[in-house]
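A quick write-up on the structure given underneath.
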Amino acid sequence: MGQSPSHEAAHASKAEITAHLADKFARRCYEPLELYSLKDNFRSLADREGDVRYLKEETIARFLGLPDILAVSPVVFHMLSSIGAFPFLRDAPVILGFEQMIMVVAIMTERYTKVLVKGATNRRKLFFRSLAVYDRKLSEIKSQKPVSITDSSQNGARSHVPGFAVDQAGDDIDDDDDDELVMAALDSLDIDDAFKAGDSHAATTHGAIIPADNFRRLIMLLLLASPLSPRESLSVYVERFTDPGLESLRATAENVLSAFIDVERSPGITFAQFRDVLSVNFPYLFNGLSPLFEQFLFSKNLDLSKRKDGTAATVPAVLPPPPLLQDKGQILNLDILSQLSFFIDGNDLFRRLRLLYSGADAGYSMGSFETKVFNWRAPTILLVSGTRIDDTEPRRGSEGVFYDSLPPQRFPNGSPSDRDRLVFGVLVRQPWRVTNKECFGADDMVLFQLAPTHDVLSASSVNKNYAAFTKPPSAHPGISFGSAPSPTNSSSRHAPLRHIGPVSLVLDSSFEFGVFNHDYTSRGGAFSTSVTRKFDFQERFSIDDIEVWGCGGDEEARIQRERWEWEAREAEARRRVNLGTGDIAADRALLEMAGLIGTNRSGGSMG
């Protein structure tokens, strides 16, 4: 008798399983025009050796427009060659034929969720494995010898490239299809068991790391790609990878990298570091890969403007999109904007931010801040940059007054002394208001640091001291996040010390000085402690710049403008009611007769 279908599936070759899975990805993950474009692009780009058609590193780099100056194409190509081995990840790196590219593009553009249930977790593990090497052979990807066509057959024979982590995924891959061939392929992987057992090639066992330099180059690419929209090329941002834009790009990438490791002490990133830091600090780090690889799904040979009769339809002119950042600030630039998009949804950032307040333009005062910011009814992002205060210098003047107002407990600095430029920020989703006794804000606020390291501190429910905007007669007016409002000035000889919360940012009312506190031992307060810096630290700094950006578009700006106009009309109406006629000269004479203005301010005579 013949064998059962399940028995045949269990003994299917890797080539059959890969072909069947690629067909499943093709049917489920792509629209017909997208699949046509992918085939057309592959056909026009592929090299041939014998009967094998495949994509080379330089071909992919040229098609995606990867800047040569970043030297990132070897990193990207190794990622793709590893991901292309799916589901037999031990066979990585593989030749990138059409079947492999079907799965690669689906995974890079997040279309795989139509096939695989456990999407985000598996994708992170897959990315780590595709980037990882073993520290016993920390050779850079650029020195890796390319896989020869003759050394790797089409049935997925294993490539013995030393030093690279190429094992199975870390979670079970579920599939709701009854197709026994694919189910047998996925079940045969025993992914969870392999991930935990830690065999000699497991990418998540001891010794597997992502080299710091490789990841730095990838971060620079991700910073460039984060604002991309479908069919948009990296070339539209060419000014960002030329001096001085390249210097800023590198500095930002260094700040991002430092969230994962201290490059002075560690050669690379372990899986535990990659997993823990990514989930909190960089949930959207790889989002830019989707539009970048969607270029494979748009064929230049596909002309949708032609009608059936062969005549060309009228195509409306495409207007260039507005700039990513419409206003120019002292702190926020395109690189920091991209950095923000790693943990704040880019749809709320790119082409959506308006500069509401800049201390450099409006003046460093709480009055100017209130006037510019308080009528904005949508979320805002406050950024403050400063220079760390040297603790060895004597305290004089306003700096001494600020220091005297702080609690005597002083934690060490949070970063090396040679990196003394600090940038902090807060995402505030509620409208601003003056604080009397209770703070404003909610548990969707985010406190973060952007330089010299990247850190995201989410709001918690320990207490509700999220944000405070306190004015006199408060003992210590200013702006604070994570600290209780300062008490009202007492008549005692010595003013009480400032309230400094366990995890908090405090700015004095003159916007001269600030302090960021991280009491890890206390396990946090209104904001959670850092997942990367598990120690107590405190940064005291002199403020260089402060600015507030409104998240929103024309509608939010219109509402703010209407509120400003309404308040101006109300103020004018009150003035006219108080003065009477609206005739300034007559009203002034009236007030002088009452003794309310002029040289005599003692009031009118009773006699």
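By order of appearance in the structure tokens: chains A, B, ..., then residues from 1 within every chain, and ligands from 1 in the order shown.
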| task | Determine which residues of range 225-364 of chain A DSSP labels as helix (DSSP H, G or I) from the backbone of this structure, then write them out as a PyMOL selection string. | result | chain A and resi 225+234-241+245-257+271-281+289-297+334-340+346-348+359-362
Within 6 Å of Val503 in chain A, counting only C-alpha atoms, which residues qualify if same-chain residues fewer than 6 places away don't, as a JSON list (two decimals) with N, CA, C and O atoms, in the first residue's frame?
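The resulting file, result19.json, is shown below:
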```
[["chain", "number", "residue", "atom", "x", "y", "z"],
["A", 517, "ASN", "N", 17.43, 62.55, 38.09],
["A", 517, "ASN", "CA", 17.72, 61.63, 39.19],
["A", 517, "ASN", "C", 17.25, 60.23, 38.83],
["A", 517, "ASN", "O", 16.15, 60.05, 38.29],
["A", 518, "HIS", "N", 18.09, 59.23, 39.13],
["A", 518, "HIS", "CA", 17.73, 57.83, 38.89],
["A", 518, "HIS", "C", 18.12, 57.01, 40.11],
["A", 518, "HIS", "O", 19.27, 56.60, 40.27],
["A", 524, "GLY", "N", 11.92, 52.91, 41.51],
["A", 524, "GLY", "CA", 11.14, 53.85, 40.73],
["A", 524, "GLY", "C", 10.01, 54.50, 41.48],
["A", 524, "GLY", "O", 9.72, 54.19, 42.64],
["A", 527, "PHE", "N", 7.84, 57.17, 37.37],
["A", 527, "PHE", "CA", 8.46, 56.57, 36.19],
["A", 527, "PHE", "C", 9.30, 55.38, 36.60],
["A", 527, "PHE", "O", 9.92, 55.38, 37.67]]
```
| said: Need the shell around Pro452 in chain A: protein/DNA/RNA residues with any atom at most 8 Å away, counting only C-alpha atoms. Skip same-chain ones fewer than 3 positions apart. Format as a PyMOL selection string? | reply: chain A and resi 255+415+419-423
| request: Report the residues of range 181-412 of chain A whose backbone DSSP state falls under strand (DSSP E), written as a ChimeraX atom specification. | output: /A:208-211,268-269,353-358,380-388
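With only C-alpha atoms as the atoms that count, the minimum distance from Ala71 in chain A to the choices A:Ala467, A:Ile500, A:Ala573, A:Leu218 is reached by A:Leu218.
Ranking A:His499, A:Arg351, A:Arg231, A:Arg275 by their shortest atom-to-atom distance to Phe127 in chain A, with only C-alpha atoms included, puts A:Arg275 first.
Shortest separation to Lys328 in chain A among A:Tyr357, A:Phe25, A:Phe343, A:Trp376 occurs at residue A:Tyr357, atoms counted being only C-alpha atoms.
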| message | Would you pick out the contacts of Asp327 in chain A at 10 Å or less, using only C-alpha atoms, so that residues sharing its chain but fewer than 5 positions from it are not included, and give the list as a PyMOL selection string? | response | chain A and resi 332-333+351+353-356+549
Since we have the selection now, will you write its residues out, keeping C-alpha atoms, as a JSON list (two decimals), in the first residue's frame?
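Written out: again_1.json:
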```
[["chain", "number", "residue", "atom", "x", "y", "z"],
["A", 332, "LEU", "CA", 15.82, 68.65, 17.40],
["A", 333, "ASN", "CA", 17.30, 67.77, 14.02],
["A", 351, "ARG", "CA", 5.93, 65.95, 9.06],
["A", 353, "LEU", "CA", 5.82, 68.33, 14.61],
["A", 354, "ARG", "CA", 5.54, 72.07, 15.15],
["A", 355, "LEU", "CA", 7.92, 74.13, 17.24],
["A", 356, "LEU", "CA", 5.74, 75.68, 19.95],
["A", 549, "TRP", "CA", 7.29, 70.51, 19.97]]
```
| remark: Among A:Thr18, A:Ser458, A:Ser486, A:Asn122, Met101 in chain A is approached most closely, using only C-alpha atoms, by A:Thr18
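Remark: for Leu116 in chain A, the closest of the candidate residues A:Phe98, A:Pro93, A:Leu221, A:Pro87 is A:Pro87 (distances computed over only C-alpha atoms).
By only C-alpha atoms, and with residues fewer than 4 positions from range 290-295 of chain A along its chain excluded, the set lying at most 7 Å from it is Leu64, Val105, Met108, Thr109, Glu110, Ala225, Leu228, Ser229, Pro230 and Arg231 of chain A.
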